[in-house]
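Shown here: target_36.pdb, PDB, C-alpha atoms.
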```pdb
MODEL        1
ATOM      1  CA  MET A   1       0.000   0.000   0.000  1.00  0.00           C
ATOM      2  CA  ARG A   2       1.339   3.420  -0.967  1.00  0.00           C
ATOM      3  CA  LEU A   3       2.014   5.648   2.075  1.00  0.00           C
ATOM      4  CA  VAL A   4       1.416   9.398   1.680  1.00  0.00           C
ATOM      5  CA  LEU A   5       2.571  11.998   4.204  1.00  0.00           C
ATOM      6  CA  ALA A   6       0.063  14.881   4.169  1.00  0.00           C
ATOM      7  CA  SER A   7       2.568  17.380   5.538  1.00  0.00           C
ATOM      8  CA  ALA A   8       5.069  19.925   4.269  1.00  0.00           C
ATOM      9  CA  SER A   9       7.183  19.557   7.422  1.00  0.00           C
ATOM     10  CA  PRO A  10      10.767  18.655   6.523  1.00  0.00           C
ATOM     11  CA  ARG A  11      11.253  17.391  10.082  1.00  0.00           C
ATOM     12  CA  ARG A  12       8.443  14.838   9.774  1.00  0.00           C
ATOM     13  CA  ALA A  13       9.820  13.634   6.447  1.00  0.00           C
ATOM     14  CA  GLU A  14      13.353  13.337   7.892  1.00  0.00           C
ATOM     15  CA  LEU A  15      12.089  11.308  10.867  1.00  0.00           C
ATOM     16  CA  LEU A  16      10.173   8.912   8.617  1.00  0.00           C
ATOM     17  CA  ARG A  17      13.103   8.485   6.205  1.00  0.00           C
ATOM     18  CA  ALA A  18      15.525   7.866   9.079  1.00  0.00           C
ATOM     19  CA  ALA A  19      13.194   5.125  10.371  1.00  0.00           C
ATOM     20  CA  GLY A  20      13.199   3.423   6.965  1.00  0.00           C
ATOM     21  CA  PHE A  21       9.718   4.331   5.712  1.00  0.00           C
ATOM     22  CA  SER A  22       9.029   4.858   2.000  1.00  0.00           C
ATOM     23  CA  PHE A  23       6.398   7.488   1.266  1.00  0.00           C
ATOM     24  CA  ASP A  24       5.237  10.292  -0.994  1.00  0.00           C
ATOM     25  CA  ILE A  25       4.810  13.846   0.283  1.00  0.00           C
ATOM     26  CA  GLN A  26       1.531  15.571  -0.593  1.00  0.00           C
ATOM     27  CA  PRO A  27       0.806  18.420   1.840  1.00  0.00           C
ATOM     28  CA  VAL A  28      -2.658  19.873   2.332  1.00  0.00           C
ATOM     29  CA  ASP A  29      -3.848  23.171   3.790  1.00  0.00           C
ATOM     30  CA  VAL A  30      -6.442  23.253   6.554  1.00  0.00           C
ATOM     31  CA  ASP A  31      -7.545  25.876   9.047  1.00  0.00           C
ATOM     32  CA  GLU A  32      -5.411  25.321  12.144  1.00  0.00           C
ATOM     33  CA  THR A  33      -7.150  27.900  14.337  1.00  0.00           C
ATOM     34  CA  PRO A  34      -8.006  26.435  17.755  1.00  0.00           C
ATOM     35  CA  HIS A  35     -11.699  26.419  18.577  1.00  0.00           C
ATOM     36  CA  PRO A  36     -12.615  28.655  21.551  1.00  0.00           C
ATOM     37  CA  SER A  37     -13.398  25.908  24.078  1.00  0.00           C
ATOM     38  CA  GLU A  38     -11.209  23.185  22.562  1.00  0.00           C
ATOM     39  CA  ALA A  39      -9.002  21.229  24.968  1.00  0.00           C
ATOM     40  CA  ALA A  40      -5.283  21.364  24.211  1.00  0.00           C
ATOM     41  CA  ALA A  41      -5.096  17.563  23.818  1.00  0.00           C
ATOM     42  CA  ASP A  42      -8.097  17.503  21.446  1.00  0.00           C
ATOM     43  CA  TYR A  43      -6.773  20.235  19.160  1.00  0.00           C
ATOM     44  CA  PRO A  44      -3.888  18.354  17.433  1.00  0.00           C
ATOM     45  CA  LEU A  45      -6.055  15.275  16.859  1.00  0.00           C
ATOM     46  CA  ARG A  46      -8.770  17.388  15.237  1.00  0.00           C
ATOM     47  CA  VAL A  47      -6.280  19.155  12.988  1.00  0.00           C
ATOM     48  CA  ALA A  48      -4.608  15.851  12.022  1.00  0.00           C
ATOM     49  CA  ARG A  49      -8.051  14.409  11.177  1.00  0.00           C
ATOM     50  CA  ASP A  50      -8.835  17.523   9.143  1.00  0.00           C
ATOM     51  CA  LYS A  51      -5.561  17.107   7.209  1.00  0.00           C
ATOM     52  CA  ALA A  52      -6.203  13.411   6.507  1.00  0.00           C
ATOM     53  CA  GLY A  53      -9.772  14.179   5.432  1.00  0.00           C
ATOM     54  CA  ALA A  54      -8.686  17.042   3.188  1.00  0.00           C
ATOM     55  CA  TRP A  55      -6.120  14.839   1.471  1.00  0.00           C
ATOM     56  CA  TRP A  56      -8.647  12.053   1.072  1.00  0.00           C
ATOM     57  CA  ARG A  57     -11.155  14.376  -0.592  1.00  0.00           C
ATOM     58  CA  GLN A  58      -8.622  16.154  -2.849  1.00  0.00           C
ATOM     59  CA  ARG A  59      -6.197  13.479  -3.990  1.00  0.00           C
ATOM     60  CA  ASP A  60      -6.255  10.325  -6.038  1.00  0.00           C
ATOM     61  CA  GLN A  61      -6.424   7.442  -3.575  1.00  0.00           C
ATOM     62  CA  THR A  62      -4.748   4.996  -5.945  1.00  0.00           C
ATOM     63  CA  SER A  63      -1.504   5.092  -7.876  1.00  0.00           C
ATOM     64  CA  SER A  64      -1.204   4.580 -11.625  1.00  0.00           C
ATOM     65  CA  THR A  65      -0.814   0.849 -10.918  1.00  0.00           C
ATOM     66  CA  GLY A  66      -4.073   0.779  -8.949  1.00  0.00           C
ATOM     67  CA  GLU A  67      -2.298   0.397  -5.613  1.00  0.00           C
ATOM     68  CA  PRO A  68      -4.457   1.816  -2.777  1.00  0.00           C
ATOM     69  CA  ALA A  69      -3.138   4.720  -0.741  1.00  0.00           C
ATOM     70  CA  CYS A  70      -2.783   5.258   2.967  1.00  0.00           C
ATOM     71  CA  VAL A  71      -2.481   8.826   4.228  1.00  0.00           C
ATOM     72  CA  LEU A  72      -0.560   9.828   7.350  1.00  0.00           C
ATOM     73  CA  ALA A  73      -1.349  13.209   8.891  1.00  0.00           C
ATOM     74  CA  ALA A  74      -0.093  14.793  12.099  1.00  0.00           C
ATOM     75  CA  ASP A  75      -0.207  17.992  14.077  1.00  0.00           C
ATOM     76  CA  THR A  76       2.000  19.000  17.006  1.00  0.00           C
ATOM     77  CA  VAL A  77       1.378  21.583  19.719  1.00  0.00           C
ATOM     78  CA  VAL A  78       3.292  22.769  22.745  1.00  0.00           C
ATOM     79  CA  VAL A  79       1.220  23.423  25.861  1.00  0.00           C
ATOM     80  CA  ALA A  80       2.616  25.505  28.712  1.00  0.00           C
ATOM     81  CA  ASP A  81       0.687  26.776  31.694  1.00  0.00           C
ATOM     82  CA  GLY A  82      -2.534  25.643  30.004  1.00  0.00           C
ATOM     83  CA  ARG A  83      -1.827  27.687  26.852  1.00  0.00           C
ATOM     84  CA  ILE A  84      -1.380  26.278  23.358  1.00  0.00           C
ATOM     85  CA  LEU A  85       1.864  27.671  21.968  1.00  0.00           C
ATOM     86  CA  GLY A  86       1.803  27.543  18.202  1.00  0.00           C
ATOM     87  CA  LYS A  87       4.385  28.926  15.814  1.00  0.00           C
ATOM     88  CA  PRO A  88       5.396  32.428  16.911  1.00  0.00           C
ATOM     89  CA  ALA A  89       4.203  35.225  14.650  1.00  0.00           C
ATOM     90  CA  SER A  90       7.016  37.564  15.717  1.00  0.00           C
ATOM     91  CA  ARG A  91      10.284  37.677  17.604  1.00  0.00           C
ATOM     92  CA  ASP A  92       8.493  39.267  20.562  1.00  0.00           C
ATOM     93  CA  GLN A  93       6.005  36.408  20.650  1.00  0.00           C
ATOM     94  CA  ALA A  94       8.862  33.877  20.472  1.00  0.00           C
ATOM     95  CA  ARG A  95      10.568  35.672  23.391  1.00  0.00           C
ATOM     96  CA  GLU A  96       7.341  35.477  25.407  1.00  0.00           C
ATOM     97  CA  MET A  97       7.029  31.739  24.691  1.00  0.00           C
ATOM     98  CA  LEU A  98      10.620  30.984  25.690  1.00  0.00           C
ATOM     99  CA  ALA A  99      10.201  32.986  28.906  1.00  0.00           C
ATOM    100  CA  LEU A 100       7.112  30.906  29.692  1.00  0.00           C
ATOM    101  CA  LEU A 101       9.040  27.654  29.074  1.00  0.00           C
ATOM    102  CA  SER A 102      12.034  28.767  31.158  1.00  0.00           C
ATOM    103  CA  GLY A 103      12.504  26.673  34.299  1.00  0.00           C
ATOM    104  CA  ALA A 104       9.191  24.893  33.764  1.00  0.00           C
ATOM    105  CA  THR A 105       7.754  21.629  32.508  1.00  0.00           C
ATOM    106  CA  HIS A 106       5.529  21.719  29.439  1.00  0.00           C
ATOM    107  CA  LEU A 107       3.696  19.189  27.297  1.00  0.00           C
ATOM    108  CA  VAL A 108       4.101  18.379  23.622  1.00  0.00           C
ATOM    109  CA  HIS A 109       1.039  16.734  22.047  1.00  0.00           C
ATOM    110  CA  THR A 110       1.014  15.229  18.569  1.00  0.00           C
ATOM    111  CA  GLY A 111      -2.150  13.928  16.994  1.00  0.00           C
ATOM    112  CA  VAL A 112      -1.423  11.162  14.480  1.00  0.00           C
ATOM    113  CA  VAL A 113      -4.045   9.951  12.006  1.00  0.00           C
ATOM    114  CA  VAL A 114      -3.676   7.132   9.485  1.00  0.00           C
ATOM    115  CA  ARG A 115      -6.474   6.758   6.962  1.00  0.00           C
ATOM    116  CA  HIS A 116      -6.874   4.202   4.189  1.00  0.00           C
ATOM    117  CA  PRO A 117      -9.816   2.546   2.444  1.00  0.00           C
ATOM    118  CA  GLY A 118     -12.231   1.399   5.109  1.00  0.00           C
ATOM    119  CA  GLN A 119     -10.321   2.498   8.188  1.00  0.00           C
ATOM    120  CA  GLU A 120      -9.073   5.481  10.170  1.00  0.00           C
ATOM    121  CA  VAL A 121      -6.826   5.090  13.188  1.00  0.00           C
ATOM    122  CA  ALA A 122      -5.978   8.062  15.410  1.00  0.00           C
ATOM    123  CA  GLU A 123      -3.749   8.382  18.442  1.00  0.00           C
ATOM    124  CA  LEU A 124      -2.391  11.173  20.623  1.00  0.00           C
ATOM    125  CA  ALA A 125       1.229  11.067  21.789  1.00  0.00           C
ATOM    126  CA  THR A 126       2.280  13.238  24.720  1.00  0.00           C
ATOM    127  CA  THR A 127       5.784  14.057  25.927  1.00  0.00           C
ATOM    128  CA  ARG A 128       6.714  16.053  29.012  1.00  0.00           C
ATOM    129  CA  VAL A 129       9.678  18.415  28.594  1.00  0.00           C
ATOM    130  CA  ARG A 130      11.495  20.406  31.274  1.00  0.00           C
ATOM    131  CA  PHE A 131      13.564  23.469  30.414  1.00  0.00           C
ATOM    132  CA  VAL A 132      16.390  24.859  32.507  1.00  0.00           C
ATOM    133  CA  ASP A 133      16.081  28.451  33.717  1.00  0.00           C
ATOM    134  CA  LEU A 134      16.870  30.747  30.790  1.00  0.00           C
ATOM    135  CA  SER A 135      18.513  34.123  31.174  1.00  0.00           C
ATOM    136  CA  GLU A 136      17.576  37.064  28.967  1.00  0.00           C
ATOM    137  CA  SER A 137      20.921  36.745  27.189  1.00  0.00           C
ATOM    138  CA  GLU A 138      20.305  33.041  26.461  1.00  0.00           C
ATOM    139  CA  ILE A 139      16.882  33.851  25.032  1.00  0.00           C
ATOM    140  CA  ASP A 140      18.416  36.658  22.935  1.00  0.00           C
ATOM    141  CA  TRP A 141      21.134  34.282  21.670  1.00  0.00           C
ATOM    142  CA  TYR A 142      18.561  31.692  20.685  1.00  0.00           C
ATOM    143  CA  LEU A 143      16.319  34.208  18.947  1.00  0.00           C
ATOM    144  CA  ARG A 144      19.287  35.551  16.951  1.00  0.00           C
ATOM    145  CA  SER A 145      19.927  32.013  15.668  1.00  0.00           C
ATOM    146  CA  GLY A 146      16.596  32.147  13.805  1.00  0.00           C
ATOM    147  CA  GLU A 147      15.769  28.630  14.945  1.00  0.00           C
ATOM    148  CA  ALA A 148      12.601  29.696  16.810  1.00  0.00           C
ATOM    149  CA  GLU A 149      10.907  30.736  13.570  1.00  0.00           C
ATOM    150  CA  GLY A 150       8.241  28.349  12.338  1.00  0.00           C
ATOM    151  CA  LYS A 151       8.492  26.063  15.371  1.00  0.00           C
ATOM    152  CA  ALA A 152       5.656  25.272  17.755  1.00  0.00           C
ATOM    153  CA  GLY A 153       6.624  26.677  21.145  1.00  0.00           C
ATOM    154  CA  ALA A 154       9.431  28.674  19.490  1.00  0.00           C
ATOM    155  CA  TYR A 155      12.101  25.975  19.833  1.00  0.00           C
ATOM    156  CA  ALA A 156      13.636  22.967  18.083  1.00  0.00           C
ATOM    157  CA  ILE A 157      14.792  20.212  20.447  1.00  0.00           C
ATOM    158  CA  GLN A 158      16.914  18.708  17.646  1.00  0.00           C
ATOM    159  CA  GLY A 159      18.896  21.929  17.286  1.00  0.00           C
ATOM    160  CA  ARG A 160      20.405  24.605  19.484  1.00  0.00           C
ATOM    161  CA  ALA A 161      17.527  24.421  21.968  1.00  0.00           C
ATOM    162  CA  ALA A 162      18.790  20.980  23.052  1.00  0.00           C
ATOM    163  CA  ARG A 163      21.069  22.812  25.494  1.00  0.00           C
ATOM    164  CA  PHE A 164      17.981  24.157  27.288  1.00  0.00           C
ATOM    165  CA  VAL A 165      16.227  20.800  27.766  1.00  0.00           C
ATOM    166  CA  ASP A 166      16.864  19.462  31.258  1.00  0.00           C
ATOM    167  CA  TRP A 167      14.880  16.241  30.728  1.00  0.00           C
ATOM    168  CA  ILE A 168      12.074  14.676  28.745  1.00  0.00           C
ATOM    169  CA  GLU A 169       9.570  11.965  29.572  1.00  0.00           C
ATOM    170  CA  GLY A 170       8.206  10.259  26.488  1.00  0.00           C
ATOM    171  CA  SER A 171       9.082  10.253  22.813  1.00  0.00           C
ATOM    172  CA  TRP A 172      11.919  12.526  21.664  1.00  0.00           C
ATOM    173  CA  SER A 173      10.739  12.319  18.049  1.00  0.00           C
ATOM    174  CA  ASN A 174       7.319  13.526  19.212  1.00  0.00           C
ATOM    175  CA  VAL A 175       8.930  16.787  20.324  1.00  0.00           C
ATOM    176  CA  VAL A 176      10.571  17.093  16.902  1.00  0.00           C
ATOM    177  CA  GLY A 177       7.131  16.717  15.305  1.00  0.00           C
ATOM    178  CA  LEU A 178       6.260  13.047  14.779  1.00  0.00           C
ATOM    179  CA  PRO A 179       6.239  10.183  17.322  1.00  0.00           C
ATOM    180  CA  VAL A 180       7.812   7.545  15.069  1.00  0.00           C
ATOM    181  CA  ALA A 181       7.059   4.543  17.307  1.00  0.00           C
ATOM    182  CA  THR A 182       3.399   5.599  17.430  1.00  0.00           C
ATOM    183  CA  VAL A 183       3.320   5.880  13.625  1.00  0.00           C
ATOM    184  CA  TYR A 184       4.883   2.437  13.287  1.00  0.00           C
ATOM    185  CA  ARG A 185       2.409   0.902  15.741  1.00  0.00           C
ATOM    186  CA  ILE A 186      -0.590   2.495  13.986  1.00  0.00           C
ATOM    187  CA  LEU A 187       0.574   1.464  10.517  1.00  0.00           C
ATOM    188  CA  ALA A 188       1.212  -2.100  11.715  1.00  0.00           C
ATOM    189  CA  ARG A 189      -2.172  -2.291  13.466  1.00  0.00           C
ATOM    190  CA  ALA A 190      -3.902  -0.963  10.340  1.00  0.00           C
ATOM    191  CA  GLY A 191      -2.200  -3.646   8.223  1.00  0.00           C
ATOM    192  CA  VAL A 192      -0.415  -1.073   6.078  1.00  0.00           C
ATOM    193  CA  LEU A 193       3.154  -2.340   6.510  1.00  0.00           C
ATOM    194  CA  SER A 194       4.294  -5.165   4.275  1.00  0.00           C
TER     195      SER A 194
ENDMDL
END
```
Starting from the file, give its structure as structure tokens.
Amino acid sequence: MRLVLASASPRRAELLRAAGFSFDIQPVDVDETPHPSEAAADYPLRVARDKAGAWWRQRDQTSSTGEPACVLAADTVVVADGRILGKPASRDQAREMLALLSGATHLVHTGVVVRHPGQEVAELATTRVRFVDLSESEIDWYLRSGEAEGKAGAYAIQGRAARFVDWIEGSWSNVVGLPVATVYRILARAGVLS
């Protein structure tokens, strides 16, 4: 069965390739605005379902050889002090996020959805992450690196921000953007892996 990643995230693609998966990349656009009363853990699952559904409606579900397709969609959010921290819209917003993460434990939730003919499987992966106390100069240094841009919670654990992570509990790849073991388990359970 042909596996399709419905994401433009280079990090998700790198994680899947490193784990030995073969797949096509066909990103979709959906509205990722949180609903007013939506729980932080429900939000990434809803968005991942929306992405899988959008791909399913827009794309050809079979290849030129007639092979059926399976779509993988995911969405990751950082939650600190009860707030969903998306991708920062400005350097000031990134600074605010990093200050909130400083010296505290936060959660990283990723909703993973696998959809193929006749079945949809969804799962939420959660990782706890603790940051060391950050000084203003450390936050300034990190912001100057440009790494905070386009990252949920304004940091990349696989990059320079690794020096700020005191400990994690759960999947490291989840914090990067895709819990690979969860993906493997879902694909195996759905009968997608050969």
Self-check item: Residue list as a list of chain:residue names for point (7.8, 8.6, 25.5), cut-off 10 Å, all atoms listed in the file
Solution: A:Ala125, A:Thr126, A:Thr127, A:Arg128, A:Ile168, A:Glu169, A:Gly170, A:Ser171, A:Trp172, A:Ser173, A:Asn174, A:Val175, A:Pro179, A:Ala181, A:Thr182
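Picked out by the PyMOL selection byres ((chain A and resi 25) around 10) when it runs on this file: Leu3, Val4, Leu5, Ala6, Ser7, Ala8, Ser9, Pro10, Ala13, Phe23, Asp24, Gln26, Pro27, Val28, Val71 and Leu72 of chain A.
Atom CA of A:Asp29 to atom CA of A:Gly86 spans 16.1 Å [interatomic distance, one decimal].
Comparing A:Glu96, A:Tyr142, A:Lys151, A:Gly177 by their smallest distance to A:Val108, the closest is A:Gly177 (using only C-alpha atoms).
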Quiz item: Which residue out of A:Val192, A:Val183, A:Ile157, A:Ala40 has the minimum interatomic distance to A:Arg11 when all atoms listed in the file are used?
Solution: A:Ile157
Quiz item: Hey, which of A:Arg83, A:Ala73, A:Asp166, A:Gly146 ends up closest to A:Val121? Count all atoms listed in the file.
Solution: A:Ala73
Quiz item: Which residue out of A:Gly159, A:Gly103, A:Gly82, A:Gly191 has the minimum interatomic distance to A:Cys70 when all atoms listed in the file are used?
Solution: A:Gly191
Evaluating the PyMOL selection byres ((chain A and resi 84) around 10) on the displayed file yields which residues, as a CSV table (one decimal) with C-alpha atoms, in the coordinates of the input?
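Final output, out-v9.csv:
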```csv
chain,number,residue,atom,x,y,z
A,34,PRO,CA,-8.0,26.4,17.8
A,39,ALA,CA,-9.0,21.2,25.0
A,40,ALA,CA,-5.3,21.4,24.2
A,41,ALA,CA,-5.1,17.6,23.8
A,43,TYR,CA,-6.8,20.2,19.2
A,77,VAL,CA,1.4,21.6,19.7
A,78,VAL,CA,3.3,22.8,22.7
A,79,VAL,CA,1.2,23.4,25.9
A,80,ALA,CA,2.6,25.5,28.7
A,81,ASP,CA,0.7,26.8,31.7
A,82,GLY,CA,-2.5,25.6,30.0
A,83,ARG,CA,-1.8,27.7,26.9
A,85,LEU,CA,1.9,27.7,22.0
A,86,GLY,CA,1.8,27.5,18.2
A,87,LYS,CA,4.4,28.9,15.8
A,107,LEU,CA,3.7,19.2,27.3
A,108,VAL,CA,4.1,18.4,23.6
A,109,HIS,CA,1.0,16.7,22.0
A,152,ALA,CA,5.7,25.3,17.8
A,153,GLY,CA,6.6,26.7,21.1
```
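The closest residue to A:Ala190, picked from A:Leu101, A:Val114, A:Ala18, A:Ala74 and counting all atoms listed in the file, is A:Val114.
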Quiz prompt | Best match for closeness to A:Val113 among A:Pro68, A:Leu15, A:Ser37, A:Asp75, counting only C-alpha atoms | solution = A:Asp75
Quiz prompt | Distance of atom CA of A:Gly53 from atom CA of A:Thr110, expressed in Å to one decimal place | solution = 17.0 Å
Residues picked by the PyMOL selection byres ((chain A and resi 104) around 8) here, as an mmCIF file with C-alpha atoms, in the coordinates of the input?
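New file out34.cif:
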```cif
data_model
loop_
_atom_site.group_PDB
_atom_site.id
_atom_site.type_symbol
_atom_site.label_atom_id
_atom_site.label_comp_id
_atom_site.auth_asym_id
_atom_site.auth_seq_id
_atom_site.Cartn_x
_atom_site.Cartn_y
_atom_site.Cartn_z
ATOM 1 C CA LEU A 100 7.112 30.906 29.692
ATOM 2 C CA LEU A 101 9.040 27.654 29.074
ATOM 3 C CA SER A 102 12.034 28.767 31.158
ATOM 4 C CA GLY A 103 12.504 26.673 34.299
ATOM 5 C CA THR A 105 7.754 21.629 32.508
ATOM 6 C CA HIS A 106 5.529 21.719 29.439
ATOM 7 C CA ARG A 130 11.495 20.406 31.274
ATOM 8 C CA PHE A 131 13.564 23.469 30.414
ATOM 9 C CA VAL A 132 16.390 24.859 32.507
ATOM 10 C CA ASP A 133 16.081 28.451 33.717
#
```
